[in-house]
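Below is protein-v8.cif, which holds mmCIF, C-alpha atoms.
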data_structure
loop_
_atom_site.label_atom_id
_atom_site.label_comp_id
_atom_site.auth_asym_id
_atom_site.auth_seq_id
_atom_site.Cartn_x
_atom_site.Cartn_y
_atom_site.Cartn_z
CA MET A 1 64.26 -61.61 -80.72
CA PRO A 2 63.73 -64.31 -78.07
CA ALA A 3 60.41 -66.16 -78.12
CA ILE A 4 58.26 -67.45 -75.26
CA THR A 5 57.18 -70.96 -76.27
CA LEU A 6 54.65 -73.23 -74.56
CA LEU A 7 56.42 -76.34 -73.24
CA ALA A 8 53.63 -78.06 -71.31
CA THR A 9 50.38 -77.64 -69.39
CA LEU A 10 50.47 -79.27 -65.97
CA SER A 11 48.05 -82.20 -65.80
CA PRO A 12 45.38 -82.57 -64.73
CA PRO A 13 44.25 -78.93 -64.58
CA CYS A 14 42.07 -77.62 -61.78
CA ASN A 15 38.36 -77.33 -62.51
CA ALA A 16 38.29 -73.92 -60.86
CA ARG A 17 40.38 -70.73 -60.89
CA THR A 18 44.05 -71.12 -59.97
CA TRP A 19 45.71 -68.21 -58.20
CA SER A 20 49.46 -68.73 -58.05
CA SER A 21 52.23 -71.32 -58.34
CA THR A 22 55.34 -71.48 -56.16
CA PRO A 23 58.45 -73.56 -57.02
CA HIS A 24 59.99 -75.63 -54.22
CA PRO A 25 63.31 -74.13 -53.04
CA HIS A 26 65.35 -77.21 -54.02
CA LEU A 27 63.09 -80.01 -55.33
CA PRO A 28 61.64 -80.25 -58.89
CA ILE A 29 58.06 -79.68 -57.76
CA ILE A 30 55.70 -76.70 -57.71
CA ALA A 31 52.68 -75.90 -55.52
CA THR A 32 49.57 -74.28 -57.03
CA ALA A 33 46.99 -72.46 -54.90
CA CYS A 34 43.47 -73.19 -56.13
CA SER A 35 40.04 -71.73 -55.51
CA ASP A 36 38.62 -75.24 -54.89
CA LYS A 37 40.20 -75.10 -51.37
CA THR A 38 43.20 -77.23 -52.39
CA VAL A 39 46.87 -76.91 -53.20
CA ARG A 40 48.04 -79.13 -56.04
CA ILE A 41 51.62 -80.37 -56.10
CA TYR A 42 52.96 -80.93 -59.63
CA SER A 43 56.23 -82.41 -60.87
CA LEU A 44 58.37 -80.21 -63.09
CA GLN A 45 60.05 -83.36 -64.42
CA ASN A 46 57.00 -84.85 -66.15
CA PHE A 47 54.38 -82.09 -65.57
CA GLN A 48 51.97 -84.45 -63.78
CA GLN A 49 50.12 -83.84 -60.52
CA GLN A 50 51.74 -85.77 -57.66
CA SER A 51 49.50 -85.00 -54.69
CA THR A 52 46.76 -82.74 -53.40
CA ILE A 53 46.72 -80.84 -50.13
CA SER A 54 43.15 -80.43 -48.89
CA GLY A 55 40.93 -80.41 -45.83
CA GLY A 56 42.47 -77.51 -43.96
CA HIS A 57 40.54 -74.54 -45.32
CA LYS A 58 36.86 -73.74 -45.80
CA ARG A 59 37.31 -71.33 -48.72
CA SER A 60 39.62 -70.69 -51.68
CA ILE A 61 43.38 -70.93 -51.03
CA ARG A 62 44.76 -67.66 -52.36
CA SER A 63 48.48 -68.07 -51.67
CA CYS A 64 51.08 -70.64 -50.69
CA ALA A 65 54.76 -70.42 -49.82
CA TRP A 66 57.53 -72.92 -49.15
CA LYS A 67 59.74 -72.53 -46.12
CA PRO A 68 63.32 -71.94 -47.35
CA ASN A 69 66.34 -73.82 -46.02
CA SER A 70 64.20 -76.71 -44.80
CA ARG A 71 66.12 -79.89 -45.61
CA GLY A 72 64.69 -83.32 -44.88
CA GLU A 73 61.17 -81.97 -44.61
CA SER A 74 59.06 -79.80 -46.89
CA VAL A 75 57.05 -77.11 -45.10
CA LEU A 76 54.29 -75.23 -46.93
CA ALA A 77 52.25 -72.28 -45.67
CA THR A 78 48.80 -71.61 -47.13
CA GLY A 79 46.69 -68.48 -46.95
CA SER A 80 42.94 -68.69 -47.50
CA PHE A 81 39.87 -66.56 -48.06
CA ASP A 82 38.56 -68.11 -44.82
CA ALA A 83 40.94 -65.65 -43.03
CA SER A 84 43.26 -68.39 -41.77
CA ALA A 85 46.75 -69.56 -42.63
CA GLY A 86 47.80 -73.19 -42.49
CA ILE A 87 51.16 -74.93 -42.05
CA TRP A 88 51.67 -78.28 -43.77
CA ARG A 89 54.61 -80.67 -43.46
CA ARG A 90 55.89 -83.68 -45.34
CA TRP A 91 59.06 -85.75 -44.98
CA GLU A 92 61.27 -85.87 -48.05
CA GLU A 93 62.72 -89.15 -49.24
CA GLY A 94 66.50 -88.83 -49.11
CA GLY A 95 66.11 -85.33 -47.69
CA GLY A 96 69.24 -83.67 -46.46
CA ASN A 97 71.64 -85.96 -48.26
CA GLY A 98 72.64 -83.34 -50.79
CA GLN A 99 71.31 -85.43 -53.69
CA ASP A 100 67.92 -83.78 -54.05
CA ALA A 101 68.32 -83.07 -57.76
CA GLU A 102 68.73 -86.79 -58.49
CA ILE A 103 65.52 -87.93 -56.81
CA ASP A 104 62.98 -89.18 -59.35
CA PHE A 105 59.71 -87.30 -58.95
CA THR A 106 58.13 -88.57 -62.15
CA GLY A 107 56.37 -91.46 -60.45
CA GLY A 108 55.25 -89.75 -57.25
CA LEU A 109 56.26 -87.12 -54.79
CA SER A 110 58.07 -89.56 -52.54
CA GLY A 111 60.18 -90.79 -55.44
CA GLY A 112 58.47 -94.10 -56.24
CA GLY A 113 55.69 -95.14 -58.53
CA GLU A 114 53.78 -97.23 -56.03
CA LYS A 115 51.16 -95.64 -53.84
CA ASP A 116 51.39 -96.51 -50.17
CA GLU A 117 48.27 -97.18 -48.16
CA ASP A 118 48.94 -94.07 -46.10
CA ASP A 119 49.66 -91.94 -49.18
CA ASP A 120 46.78 -89.62 -48.36
CA ASP A 121 48.41 -88.83 -45.02
CA GLU A 122 51.76 -87.85 -46.48
CA TRP A 123 51.04 -84.13 -45.99
CA ARG A 124 50.46 -83.41 -42.32
CA PHE A 125 48.29 -80.43 -41.40
CA ALA A 126 50.44 -79.10 -38.56
CA VAL A 127 48.74 -75.93 -37.35
CA ILE A 128 46.14 -73.30 -38.22
CA LEU A 129 46.92 -69.61 -37.68
CA ASP A 130 43.90 -67.47 -36.86
CA GLY A 131 43.74 -63.74 -36.28
CA HIS A 132 42.92 -61.93 -39.50
CA ASP A 133 39.37 -60.57 -39.81
CA SER A 134 39.08 -61.14 -43.54
CA GLU A 135 40.57 -62.93 -46.56
CA ILE A 136 44.31 -63.63 -46.50
CA LYS A 137 45.86 -62.55 -49.79
CA CYS A 138 49.51 -63.56 -49.39
CA VAL A 139 51.82 -65.59 -47.14
CA THR A 140 55.62 -65.68 -47.19
CA PHE A 141 58.44 -67.09 -45.07
CA ALA A 142 61.48 -64.98 -44.19
CA PRO A 143 64.78 -66.36 -45.55
CA THR A 144 66.87 -65.04 -42.65
CA ALA A 145 64.76 -65.77 -39.53
CA PRO A 146 61.97 -68.11 -38.33
CA LEU A 147 59.31 -65.58 -39.35
CA LEU A 148 56.15 -65.82 -41.45
CA ALA A 149 54.29 -62.80 -42.84
CA THR A 150 50.63 -62.72 -43.85
CA CYS A 151 48.48 -59.93 -45.26
CA SER A 152 44.77 -59.54 -45.65
CA ARG A 153 41.76 -57.72 -46.97
CA ASP A 154 41.37 -56.44 -43.39
CA LYS A 155 44.18 -53.91 -44.25
CA SER A 156 46.66 -55.53 -41.86
CA VAL A 157 50.03 -57.26 -42.08
CA TRP A 158 50.82 -59.90 -39.44
CA ILE A 159 54.25 -61.24 -38.55
CA TRP A 160 54.45 -64.63 -36.85
CA GLU A 161 57.47 -66.24 -35.21
CA GLU A 162 57.85 -70.00 -35.47
CA LEU A 163 58.61 -71.64 -32.13
CA GLU A 164 59.12 -75.30 -31.29
CA ASP A 165 56.52 -78.04 -31.73
CA ASP A 166 54.47 -76.30 -34.44
CA ASN A 167 53.77 -73.28 -32.27
CA PHE A 168 53.62 -69.83 -33.83
CA GLU A 169 53.55 -66.58 -31.87
CA THR A 170 52.21 -63.28 -33.19
CA VAL A 171 55.03 -60.74 -32.93
CA ALA A 172 53.44 -57.83 -34.83
CA VAL A 173 50.13 -56.64 -36.23
CA LEU A 174 50.74 -53.72 -38.61
CA ASN A 175 47.73 -51.59 -39.48
CA GLU A 176 49.01 -48.52 -41.34
CA HIS A 177 47.68 -49.39 -44.80
CA GLU A 178 44.38 -47.75 -45.71
CA GLY A 179 43.19 -50.54 -47.98
CA ASP A 180 43.31 -54.23 -48.76
CA VAL A 181 46.92 -55.50 -48.53
CA LYS A 182 47.63 -57.56 -51.65
CA CYS A 183 51.18 -58.82 -51.23
CA VAL A 184 54.07 -59.14 -48.77
CA ALA A 185 57.72 -59.92 -49.60
CA TRP A 186 60.85 -60.34 -47.49
CA HIS A 187 64.26 -58.85 -48.20
CA PRO A 188 66.71 -61.68 -49.12
CA SER A 189 69.32 -60.83 -46.47
CA GLU A 190 67.68 -58.49 -43.93
CA GLN A 191 64.66 -58.65 -41.66
CA LEU A 192 62.88 -56.10 -43.84
CA LEU A 193 59.35 -56.68 -45.13
CA ALA A 194 57.61 -54.97 -48.06
CA SER A 195 53.83 -54.78 -48.45
CA ALA A 196 51.67 -53.64 -51.37
CA SER A 197 48.15 -52.34 -51.05
CA TYR A 198 44.87 -51.26 -52.60
CA ASP A 199 45.72 -47.80 -51.18
CA ASP A 200 48.25 -47.43 -54.07
CA ASN A 201 51.20 -47.46 -51.66
CA ILE A 202 54.11 -49.69 -50.71
CA ARG A 203 55.33 -49.84 -47.12
CA LEU A 204 58.56 -51.23 -45.76
CA TRP A 205 58.58 -52.65 -42.24
CA GLY A 206 61.45 -53.33 -39.89
CA GLU A 207 62.08 -54.05 -36.23
CA ASP A 208 62.76 -50.88 -34.25
CA VAL A 209 64.16 -51.87 -30.84
CA ASP A 210 61.43 -54.34 -29.74
CA ASP A 211 58.57 -53.33 -32.04
CA TRP A 212 57.93 -53.68 -35.77
CA ALA A 213 57.08 -50.42 -37.50
CA CYS A 214 56.98 -48.77 -40.92
CA CYS A 215 60.43 -47.51 -41.91
CA ALA A 216 59.59 -46.27 -45.41
CA LEU A 217 56.55 -45.29 -47.47
CA LEU A 218 56.87 -45.60 -51.25
CA THR A 219 54.34 -43.49 -53.14
CA GLY A 220 53.83 -42.84 -56.82
CA HIS A 221 51.65 -45.62 -58.18
CA GLU A 222 48.26 -44.37 -59.37
CA GLY A 223 46.35 -47.57 -58.73
CA THR A 224 46.32 -50.73 -56.63
CA VAL A 225 49.80 -52.17 -56.15
CA TRP A 226 49.33 -55.88 -56.77
CA CYS A 227 52.80 -57.27 -56.24
CA VAL A 228 56.18 -56.41 -54.76
CA GLU A 229 59.39 -58.43 -54.76
CA PHE A 230 63.04 -57.88 -53.85
CA GLU A 231 65.73 -58.84 -56.32
CA ASP A 232 68.43 -61.36 -55.55
CA ALA A 233 71.53 -59.90 -53.94
CA ASN A 234 73.66 -61.06 -56.89
CA ASN A 235 71.56 -59.50 -59.66
CA ILE A 236 74.11 -56.73 -60.24
CA TYR A 237 76.31 -59.35 -61.89
CA ALA A 238 73.67 -59.87 -64.59
CA LEU A 239 75.07 -56.69 -66.18
CA GLY A 240 78.22 -58.64 -67.02
CA SER A 241 81.91 -58.44 -66.26
CA SER A 242 83.26 -55.30 -64.61
CA GLU A 243 86.55 -55.45 -66.53
CA ASN A 244 85.68 -53.06 -69.36
CA LEU A 245 83.37 -50.65 -67.57
CA THR A 246 83.77 -46.90 -67.70
CA SER A 247 84.44 -45.02 -64.47
CA GLU A 248 80.79 -43.91 -64.41
CA GLN A 249 79.58 -47.50 -64.80
CA GLN A 250 81.96 -48.70 -62.09
CA ALA A 251 80.65 -45.99 -59.77
CA TYR A 252 77.06 -47.08 -60.51
CA VAL A 253 77.95 -50.68 -59.63
CA GLN A 254 79.38 -49.49 -56.30
CA VAL A 255 76.21 -47.50 -55.56
CA ARG A 256 74.09 -50.56 -56.32
CA LEU A 257 76.23 -52.76 -54.10
CA LYS A 258 76.06 -50.24 -51.28
CA ALA A 259 72.29 -49.82 -51.61
CA GLY A 260 71.61 -53.55 -51.65
CA PRO A 261 68.80 -55.41 -53.45
CA ARG A 262 66.21 -53.26 -55.20
CA LEU A 263 62.43 -53.67 -54.99
CA ILE A 264 60.13 -54.13 -57.97
CA SER A 265 56.38 -53.42 -58.03
CA CYS A 266 53.46 -53.63 -60.46
CA SER A 267 50.08 -51.97 -60.41
CA ASP A 268 46.63 -51.27 -61.75
CA ASP A 269 48.24 -48.20 -63.37
CA MET A 270 49.93 -50.56 -65.86
CA THR A 271 53.43 -49.61 -64.73
CA ILE A 272 56.29 -51.70 -63.36
CA ARG A 273 58.61 -49.66 -61.15
CA ILE A 274 61.96 -50.37 -59.54
CA TRP A 275 62.85 -48.76 -56.23
CA ARG A 276 66.29 -48.37 -54.71
CA ARG A 277 67.42 -47.58 -51.17
CA VAL A 278 69.45 -44.41 -50.68
CA PRO A 279 72.45 -45.53 -48.59
CA LYS A 280 73.08 -43.65 -45.38
CA ASP A 281 76.45 -42.15 -44.61
CA LYS A 282 77.17 -43.37 -41.12
CA PRO A 283 79.48 -41.02 -39.21
CA GLU A 284 82.53 -42.65 -37.71
CA LEU A 285 82.94 -42.38 -33.96
CA PRO A 286 86.17 -40.87 -32.60
CA ALA A 287 88.80 -43.42 -31.69
CA GLY A 288 88.10 -45.06 -28.38
CA GLN A 289 84.48 -43.81 -28.17
CA ILE A 290 81.83 -46.50 -27.74
CA LYS A 291 78.28 -45.99 -28.96
CA THR A 292 75.99 -45.93 -25.93
CA PRO A 293 72.57 -47.60 -26.12
CA SER A 294 69.54 -45.33 -26.11
CA ILE A 295 66.04 -45.83 -24.77
CA TRP A 296 64.72 -43.40 -27.37
CA LYS A 297 63.52 -44.35 -30.83
CA ASN A 298 66.30 -45.31 -33.19
CA ARG A 299 66.96 -42.28 -35.38
CA ASP A 300 68.54 -44.47 -38.04
CA PHE A 301 65.41 -46.62 -38.33
CA GLU A 302 63.70 -44.71 -41.13
CA GLU A 303 64.93 -45.39 -44.64
CA GLU A 304 64.74 -43.46 -47.88
CA TRP A 305 63.83 -45.33 -51.05
CA ILE A 306 63.50 -43.70 -54.47
CA GLU A 307 61.94 -44.76 -57.75
CA GLU A 308 64.95 -45.68 -59.86
CA CYS A 309 63.18 -46.47 -63.11
CA ARG A 310 60.09 -47.78 -64.86
CA LEU A 311 60.14 -50.70 -67.22
CA PRO A 312 58.84 -50.25 -70.78
CA GLN A 313 55.04 -50.16 -70.77
CA VAL A 314 53.91 -53.20 -72.72
CA HIS A 315 50.80 -54.24 -70.80
CA GLU A 316 47.46 -52.70 -71.74
CA ARG A 317 45.58 -53.58 -68.56
CA PRO A 318 46.40 -54.00 -64.84
CA ILE A 319 49.58 -55.95 -64.08
CA TYR A 320 49.08 -58.60 -61.39
CA THR A 321 52.48 -60.18 -60.92
CA VAL A 322 56.13 -59.43 -61.54
CA ASN A 323 58.95 -61.87 -60.78
CA TRP A 324 62.73 -61.42 -60.78
CA SER A 325 64.94 -64.30 -61.92
CA LYS A 326 67.60 -65.18 -59.35
CA LYS A 327 69.79 -66.70 -62.08
CA THR A 328 69.70 -64.15 -64.91
CA GLY A 329 68.27 -60.96 -63.41
CA LYS A 330 65.52 -60.96 -66.06
CA VAL A 331 62.01 -59.90 -65.05
CA VAL A 332 58.74 -61.52 -66.13
CA SER A 333 55.29 -59.96 -65.76
CA THR A 334 51.68 -60.81 -66.46
CA GLY A 335 48.20 -59.47 -65.84
CA SER A 336 44.66 -58.83 -66.90
CA ASP A 337 45.50 -58.51 -70.61
CA GLY A 338 46.68 -62.13 -70.77
CA LYS A 339 50.21 -61.19 -71.85
CA ILE A 340 53.46 -62.58 -70.49
CA VAL A 341 56.39 -60.20 -70.99
CA VAL A 342 60.11 -60.70 -70.28
CA TYR A 343 62.45 -57.75 -69.66
CA GLU A 344 66.23 -57.47 -69.44
CA GLU A 345 68.43 -54.78 -67.89
CA ARG A 346 71.40 -53.66 -69.96
CA TRP A 347 74.05 -51.01 -70.00
CA LYS A 348 72.88 -48.32 -72.37
CA SER A 349 74.08 -49.42 -75.76
CA SER A 350 75.38 -45.97 -76.77
CA LYS A 351 78.93 -45.53 -75.60
CA ILE A 352 79.98 -42.51 -73.59
CA SER A 353 81.98 -40.04 -75.68
CA ASN A 354 85.15 -38.38 -74.47
CA GLY A 355 83.52 -35.01 -74.02
CA ASP A 356 82.21 -31.84 -75.63
CA ALA A 357 83.91 -28.52 -76.16
CA ASP A 358 83.62 -27.70 -72.47
CA GLY A 359 85.19 -30.98 -71.45
CA ASP A 360 81.96 -32.51 -70.06
CA VAL A 361 81.32 -36.19 -70.61
CA VAL A 362 78.32 -36.62 -72.91
CA MET A 363 76.01 -39.59 -73.39
CA ALA A 364 74.75 -40.45 -76.85
CA GLY A 365 71.97 -38.08 -77.83
CA GLY A 366 73.56 -35.15 -76.08
CA THR A 367 72.52 -36.00 -72.50
CA PRO A 368 75.23 -35.01 -70.02
CA ALA A 369 76.53 -37.95 -68.02
CA PRO A 370 75.91 -37.77 -64.27
CA ASP A 371 78.58 -36.22 -62.09
CA MET A 372 80.46 -38.64 -59.85
CA GLU A 373 78.92 -36.88 -56.84
CA ASP A 374 75.46 -37.53 -58.22
CA LEU A 375 76.24 -41.23 -58.61
CA THR A 376 76.42 -41.63 -54.86
CA ALA A 377 73.30 -39.55 -54.24
CA LYS A 378 69.68 -40.23 -54.98
CA LYS A 379 69.88 -38.49 -58.34
CA VAL A 380 71.00 -41.68 -60.06
CA HIS A 381 68.10 -43.09 -61.99
CA GLY A 382 67.87 -46.01 -64.36
CA SER A 383 65.83 -45.47 -67.50
CA GLU A 384 62.44 -44.71 -69.04
CA GLY A 385 62.73 -40.96 -69.16
CA HIS A 386 64.95 -40.39 -66.14
CA MET A 387 67.95 -38.22 -66.98
CA GLY A 388 71.42 -39.54 -66.38
CA GLY A 389 70.56 -43.23 -66.48
CA LEU A 390 73.38 -45.67 -67.14
CA THR A 391 71.21 -48.75 -67.63
CA GLU A 392 68.04 -49.39 -69.56
CA TRP A 393 65.35 -52.06 -69.41
CA VAL A 394 64.27 -53.67 -72.67
CA ALA A 395 61.25 -55.87 -73.33
CA VAL A 396 62.94 -58.87 -75.00
CA ALA A 397 59.98 -61.26 -75.44
CA GLU A 398 56.22 -61.40 -75.07
CA VAL A 399 53.35 -63.74 -75.75
CA GLU A 400 49.68 -62.81 -75.97
CA ASN A 401 46.64 -64.82 -74.85
CA ALA A 402 48.82 -67.02 -72.67
CA HIS A 403 45.68 -68.63 -71.20
CA ASP A 404 43.38 -68.06 -74.18
CA VAL A 405 40.70 -65.51 -73.22
CA PHE A 406 41.29 -65.84 -69.49
CA GLU A 407 43.22 -63.54 -67.19
CA VAL A 408 46.65 -64.67 -66.03
CA ASN A 409 46.92 -64.27 -62.26
CA HIS A 410 50.53 -65.16 -61.64
CA VAL A 411 53.85 -65.85 -63.30
CA VAL A 412 57.14 -67.11 -61.84
CA TRP A 413 60.58 -68.34 -62.91
CA ALA A 414 61.45 -71.94 -62.01
CA PRO A 415 64.44 -74.21 -62.70
CA ARG A 416 63.81 -76.43 -65.71
CA ALA A 417 63.79 -80.09 -64.63
CA ASP A 418 62.38 -82.16 -67.51
CA LYS A 419 64.51 -84.52 -69.60
CA ASP A 420 64.80 -82.06 -72.49
CA LYS A 421 66.39 -79.21 -70.57
CA ARG A 422 69.16 -77.65 -72.63
CA THR A 423 71.53 -76.32 -69.98
CA GLU A 424 72.08 -76.94 -66.28
CA ASP A 425 70.92 -73.43 -65.33
CA GLU A 426 67.98 -73.19 -67.76
CA GLU A 427 64.79 -71.71 -66.35
CA VAL A 428 61.17 -71.97 -67.38
CA ILE A 429 58.31 -69.53 -66.85
CA VAL A 430 55.26 -70.91 -65.04
CA SER A 431 51.94 -69.09 -65.51
CA THR A 432 48.73 -69.62 -63.53
CA GLY A 433 45.34 -68.52 -64.81
CA ASP A 434 41.61 -68.14 -64.31
CA ASP A 435 41.09 -71.14 -66.61
CA GLY A 436 42.43 -73.48 -63.92
CA GLU A 437 45.52 -74.29 -65.96
CA VAL A 438 49.19 -73.95 -65.11
CA ASN A 439 51.35 -73.50 -68.21
CA VAL A 440 55.11 -73.98 -68.48
CA TRP A 441 57.01 -71.87 -71.03
CA THR A 442 60.57 -71.75 -72.33
CA LEU A 443 62.43 -68.59 -73.30
CA ASP A 444 64.02 -69.44 -76.64
CA THR A 445 66.85 -67.17 -77.73
#
Can you give me the file's structure in the form of structure tokens?
Amino acid sequence: MPAITLLATLSPPCNARTWSSTPHPHLPIIATACSDKTVRIYSLQNFQQQSTISGGHKRSIRSCAWKPNSRGESVLATGSFDASAGIWRRWEEGGGNGQDAEIDFTGGLSGGGEKDEDDDDEWRFAVILDGHDSEIKCVTFAPTAPLLATCSRDKSVWIWEELEDDNFETVAVLNEHEGDVKCVAWHPSEQLLASASYDDNIRLWGEDVDDWACCALLTGHEGTVWCVEFEDANNIYALGSSENLTSEQQAYVQVRLKAGPRLISCSDDMTIRIWRRVPKDKPELPAGQIKTPSIWKNRDFEEEWIEECRLPQVHERPIYTVNWSKKTGKVVSTGSDGKIVVYEERWKSSKISNGDADGDVVMAGGTPAPDMEDLTAKKVHGSEGHMGGLTEWVAVAEVENAHDVFEVNHVVWAPRADKDKRTEDEEVIVSTGDDGEVNVWTLDT
């Protein structure tokens, strides 16, 4: 069984609670949001702190997020308990030359060991975003548009559009949650936003004509939903080659591809759930007929999402964070019990038999395999007690007391960048805790 092994603790630790850590999209650095009103930037090459972002917020920084696809300049958003969000910028040495992985960050964030006189000014506080009435809990940039989402204890989700010259415009204020909104996450290839709340619900938001509105409500959790995240669009390939799949497995792959990336959530109810969109059958227009625009509400706007499966229940207390690897499709989770758990999705190990006396295909254990018609409908479920599942999730590794007696607030996959990395695509797990420490772990198989 794989083991989760401590590789390093980022140094120096914070002397106060640390909330979350976010890997840079293409540089070997990670940003940690701290309750001492700072963000600490650490190197993943030598695990040392390289700079501190401070002075922009009056209270704890709860969340931070890197702007994706930003070459030549690093852009970081921060969300604070002072109800404001900040945008910070810093030029990258050699940025945009395609050689980012070869820049040496062991001696300093700008690549050199010497400190310049203006080193303290390297991070520029570009703009403050005000509007929320209470603590901001999460900030995140959209990967497909110049949009930033924030959510707050004031029960609202705000969407901001980035304009020129550090100007941001509020394009939507969404108030349908009935409790503190804990987390927001963007779809990897669509302008679709998910939010998780203290009201036990998940909402999906999209743009309907000119206004943003809720297009789906996901219910079922029996406690605060702490975190939501979409999977990478290529995660289906983590199940392996399609060459030797059965017809049922091939049909499941096609359903997954048609539905697009799934959503994962974790909660106070100690469950981790995966949700999948039910694809719509769009009627084809007769030849030569052109679809006419309508001033009425888009009837295709609302979406249907179903709970596909639940991961094995390993945690014994509320689960705060779940994160999906973009490289392997594995999932890592952590929470109040101090555990870090890694899960893997697999084809069910029992092979499908040729059939019973009536000619029906039978899964191991006597469960009838799903009809092909069901595979394209919402009856297809994954595992953990759902009939007809073709895949199953397995807990493959766990470690207890990851931050001694302290709660672990956040966990995330990151590319391994230190000199001892074993393969080019190796990942590490980065955990952030109430003890002020950020730990880096390897998954040893």
Show me, as a tab-separated table, the residues of region 233-272 of chain A having an atom within 12 Å of region 199-212 of chain A, each with the closest atom pair and its distance in Å, using all atoms listed in the file.
residue	atom	partner	partner_atom	distance
A:Leu263	CA	A:Ile202	CA	10.2
A:Ile264	CA	A:Ile202	CA	10.4
A:Ser265	CA	A:Ile202	CA	8.5
A:Cys266	CA	A:Asp200	CA	10.3
A:Ser267	CA	A:Asp200	CA	8.0
A:Asp268	CA	A:Asp200	CA	8.7
A:Asp269	CA	A:Asp200	CA	9.3
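For the choices A:Arg310, A:His26, A:His410, A:Arg90, the atom-to-atom distance to Phe125 (chain A) is smallest for A:Arg90 when using only C-alpha atoms.
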### Query
Between CA of Asn15 (chain A) and CA of Ile61 (chain A), what is the distance, to one decimal in Å?
14.1 Å
### Message
Could you tell me, as JSON, numbers by chain, exactly which residues end up selected when the PyMOL selection byres ((chain A and resi 398) around 9) is applied to this structure?
### Response
{"A": [2, 3, 4, 314, 339, 340, 341, 342, 395, 396, 397, 399, 400]}
Filtering to C-alpha atoms, could you give me those residues as a PDB file, in the coordinates of the input?
ATOM      1  CA  PRO A   2      63.730 -64.310 -78.070  1.00  0.00           C
ATOM      2  CA  ALA A   3      60.410 -66.160 -78.120  1.00  0.00           C
ATOM      3  CA  ILE A   4      58.260 -67.450 -75.260  1.00  0.00           C
ATOM      4  CA  VAL A 314      53.910 -53.200 -72.720  1.00  0.00           C
ATOM      5  CA  LYS A 339      50.210 -61.190 -71.850  1.00  0.00           C
ATOM      6  CA  ILE A 340      53.460 -62.580 -70.490  1.00  0.00           C
ATOM      7  CA  VAL A 341      56.390 -60.200 -70.990  1.00  0.00           C
ATOM      8  CA  VAL A 342      60.110 -60.700 -70.280  1.00  0.00           C
ATOM      9  CA  ALA A 395      61.250 -55.870 -73.330  1.00  0.00           C
ATOM     10  CA  VAL A 396      62.940 -58.870 -75.000  1.00  0.00           C
ATOM     11  CA  ALA A 397      59.980 -61.260 -75.440  1.00  0.00           C
ATOM     12  CA  VAL A 399      53.350 -63.740 -75.750  1.00  0.00           C
ATOM     13  CA  GLU A 400      49.680 -62.810 -75.970  1.00  0.00           C
TER      14      GLU A 400
END
### Task
Step by step, work through what the PyMOL selection byres ((chain A and resi 49) around 8) selects in the shown file, and finish by giving those residues as JSON, numbers by chain.
{"A": [10, 11, 12, 40, 41, 42, 43, 47, 48, 50, 51, 52]}
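For the structure shown here, the set of residues caught by the PyMOL selection byres ((chain A and resi 190) around 10) is Ala142, Pro143, Thr144, Ala145, Trp186, His187, Pro188, Ser189, Gln191, Leu192, Leu193, Gly206 and Gly260 of chain A.
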Selection above as a file: C-alpha atoms, as an mmCIF file, in the coordinates of the input:
data_model
loop_
_atom_site.group_PDB
_atom_site.id
_atom_site.type_symbol
_atom_site.label_atom_id
_atom_site.label_comp_id
_atom_site.auth_asym_id
_atom_site.auth_seq_id
_atom_site.Cartn_x
_atom_site.Cartn_y
_atom_site.Cartn_z
ATOM 1 C CA ALA A 142 61.480 -64.980 -44.190
ATOM 2 C CA PRO A 143 64.780 -66.360 -45.550
ATOM 3 C CA THR A 144 66.870 -65.040 -42.650
ATOM 4 C CA ALA A 145 64.760 -65.770 -39.530
ATOM 5 C CA TRP A 186 60.850 -60.340 -47.490
ATOM 6 C CA HIS A 187 64.260 -58.850 -48.200
ATOM 7 C CA PRO A 188 66.710 -61.680 -49.120
ATOM 8 C CA SER A 189 69.320 -60.830 -46.470
ATOM 9 C CA GLN A 191 64.660 -58.650 -41.660
ATOM 10 C CA LEU A 192 62.880 -56.100 -43.840
ATOM 11 C CA LEU A 193 59.350 -56.680 -45.130
ATOM 12 C CA GLY A 206 61.450 -53.330 -39.890
ATOM 13 C CA GLY A 260 71.610 -53.550 -51.650
#
### Query
Using all atoms listed in the file, which of A:Gln45, A:Ile136, A:Val408, A:Thr246 sits nearest Asp420 (chain A)?
A:Gln45
### Task
Find the residues near His403 (chain A): any atom within 10 Å, counting only C-alpha atoms, skip ones fewer than 4 places away on the same chain, and give them as a ChimeraX atom specification.
/A:338-340,407-408,431-439
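The closest residue to Asn409 (chain A), picked from A:Thr5, A:Thr32, A:Asn46, A:Thr140 and counting all atoms listed in the file, is A:Thr32.
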### Gap from CA of Lys330 (chain A) to CA of Glu231 (chain A) - Å, one decimal
10.0 Å
Determine, counting all atoms listed in the file, which protein, DNA and RNA residues have an atom within 8 Å of an atom of Trp158 (chain A); residues of the same chain fewer than 2 positions away are not included. Present the result as a short mmCIF file (atom, residue, chain, number, x, y, z; two decimals) with C-alpha atoms, in the coordinates of the input.
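To be explicit, this is the file written out as out.cif:
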data_model
loop_
_atom_site.label_atom_id
_atom_site.label_comp_id
_atom_site.auth_asym_id
_atom_site.auth_seq_id
_atom_site.Cartn_x
_atom_site.Cartn_y
_atom_site.Cartn_z
CA ALA A 149 54.29 -62.80 -42.84
CA THR A 150 50.63 -62.72 -43.85
CA CYS A 151 48.48 -59.93 -45.26
CA SER A 156 46.66 -55.53 -41.86
CA TRP A 160 54.45 -64.63 -36.85
CA THR A 170 52.21 -63.28 -33.19
CA VAL A 171 55.03 -60.74 -32.93
CA ALA A 172 53.44 -57.83 -34.83
CA VAL A 173 50.13 -56.64 -36.23
CA LEU A 174 50.74 -53.72 -38.61
#
